[in-house]
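Below is one structure, written out as structure tokens, with a few remarks after it.
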Amino acid sequence: MIEKERVETELDLIENLVCKKMDITEVKPLSDKESELLVNLFFYNGDFNIKESEKPFIYKLMEKRIIGVFDYKVEEKGLLFLSGLIDSPGVAVMMCWYLQYKSKKLKIKKFGLKEICEVVIPNGFFTDSGLRKIWEEQKVNNIGIGSDNLLDYKTPGTSLFN
């Protein structure tokens, strides 16, 4: 567990303890359902115009977090694809930070389906066990409330912004 003092002073904690570990964690091939989603999104040429009330929960969570915290954008198709791969809020937040890491590292300010497939998850999506391990390692020892999440703080992610 990470001591609270480190969260307030180390500007590269998220980069080192989450993003760089995601870079090397084990991945799995897309399932048939995930592959079908990818193909359908890739070949769809229309506008989605998804009503707010019809957006999947993970889509809305990521969309709001990206707009409010980060300096990159994700096109609608990309966000739909990621929300089809991600099944928990924690993984969604990890992915938002990972996209920030890739944005800075590769100088990408807008992620479409192509960029997501070619540079973010080119060999498949992260395994559940790999993500769970990284999630547990980013917990902060916050005296008084027990633990909270490193990924909910912006200061330890400062190194990921240009």
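Letters for chains follow the order of the structure tokens (A, B, ...), residue numbers begin at 1 for each chain, and ligand numbers begin at 1 in the order shown.
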
- Message: Quick check for you: according to DSSP on this backbone, which residues of chain A are classed as alpha helix (DSSP H)? Reply as a ChimeraX atom specification.
- Response: /A:4-9,13-14,20-24,32-43,57-69,76-85,89-106,113-115,128-137

Sorted by chain and rising residue number, list the residues of range 109-130 of chain A at most 9 Å from range 27-35 of chain A (counting only C-alpha atoms), each with its closest atom pair and distance in Å to one decimal, as a Markdown table.
```
| residue | atom | partner | partner_atom | distance |
| --- | --- | --- | --- | --- |
| A:Ile121 | CA | A:Val27 | CA | 8.4 |
| A:Asn123 | CA | A:Val27 | CA | 6.8 |
| A:Gly124 | CA | A:Pro29 | CA | 4.5 |
| A:Phe125 | CA | A:Val27 | CA | 5.1 |
| A:Phe126 | CA | A:Val27 | CA | 4.2 |
| A:Thr127 | CA | A:Val27 | CA | 5.1 |
| A:Asp128 | CA | A:Val27 | CA | 8.9 |
| A:Gly130 | CA | A:Val27 | CA | 8.1 |
```

- Closest of A:Leu106, A:Met62, A:Leu131, A:Leu82 to Asn162 in chain A - atom-to-atom distances counting only C-alpha atoms: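 When distances to Asn162 in chain A are compared using only C-alpha atoms, the smallest one comes from A:Leu106.
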
- Hey, which of A:Ile86, A:Val140, A:Leu80, A:Trp135 ends up closest to Gly112 in chain A? Count only C-alpha atoms.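 Smallest separation from Gly112 in chain A among the options: A:Leu80.
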
- Message: When you count only C-alpha atoms, which of these residues is closest to Asn45 in chain A: A:Arg65, A:Lys21, A:Lys77, A:Lys102?
- Response: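 Result for the nearest residue to Asn45 in chain A: A:Lys77.
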
- Compile the contact shell of range 11-20 of chain A as a PyMOL selection string: residues with an atom at most 10 Å away, counting only C-alpha atoms, same-chain residues fewer than 3 positions apart removed. chain A and resi 2+6-8+23-25+94-95+97-102+131+133-135+137-138+150-151+153-160

- Please indicate the distance in Å from CA of Phe111 in chain A to CA of Val74 in chain A, rounded to one decimal place. 4.6 Å

- Query: Between A:Leu37, A:Val69, A:Ile108, A:Leu79, which is the closest to Phe57 in chain A once you count only C-alpha atoms?
  - Reply: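 Smallest distance to Phe57 in chain A is found for A:Leu79.
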
- Note on the structure: What separates CA of Glu52 in chain A and CA of Gly78 in chain A is a distance of 16.9 Å
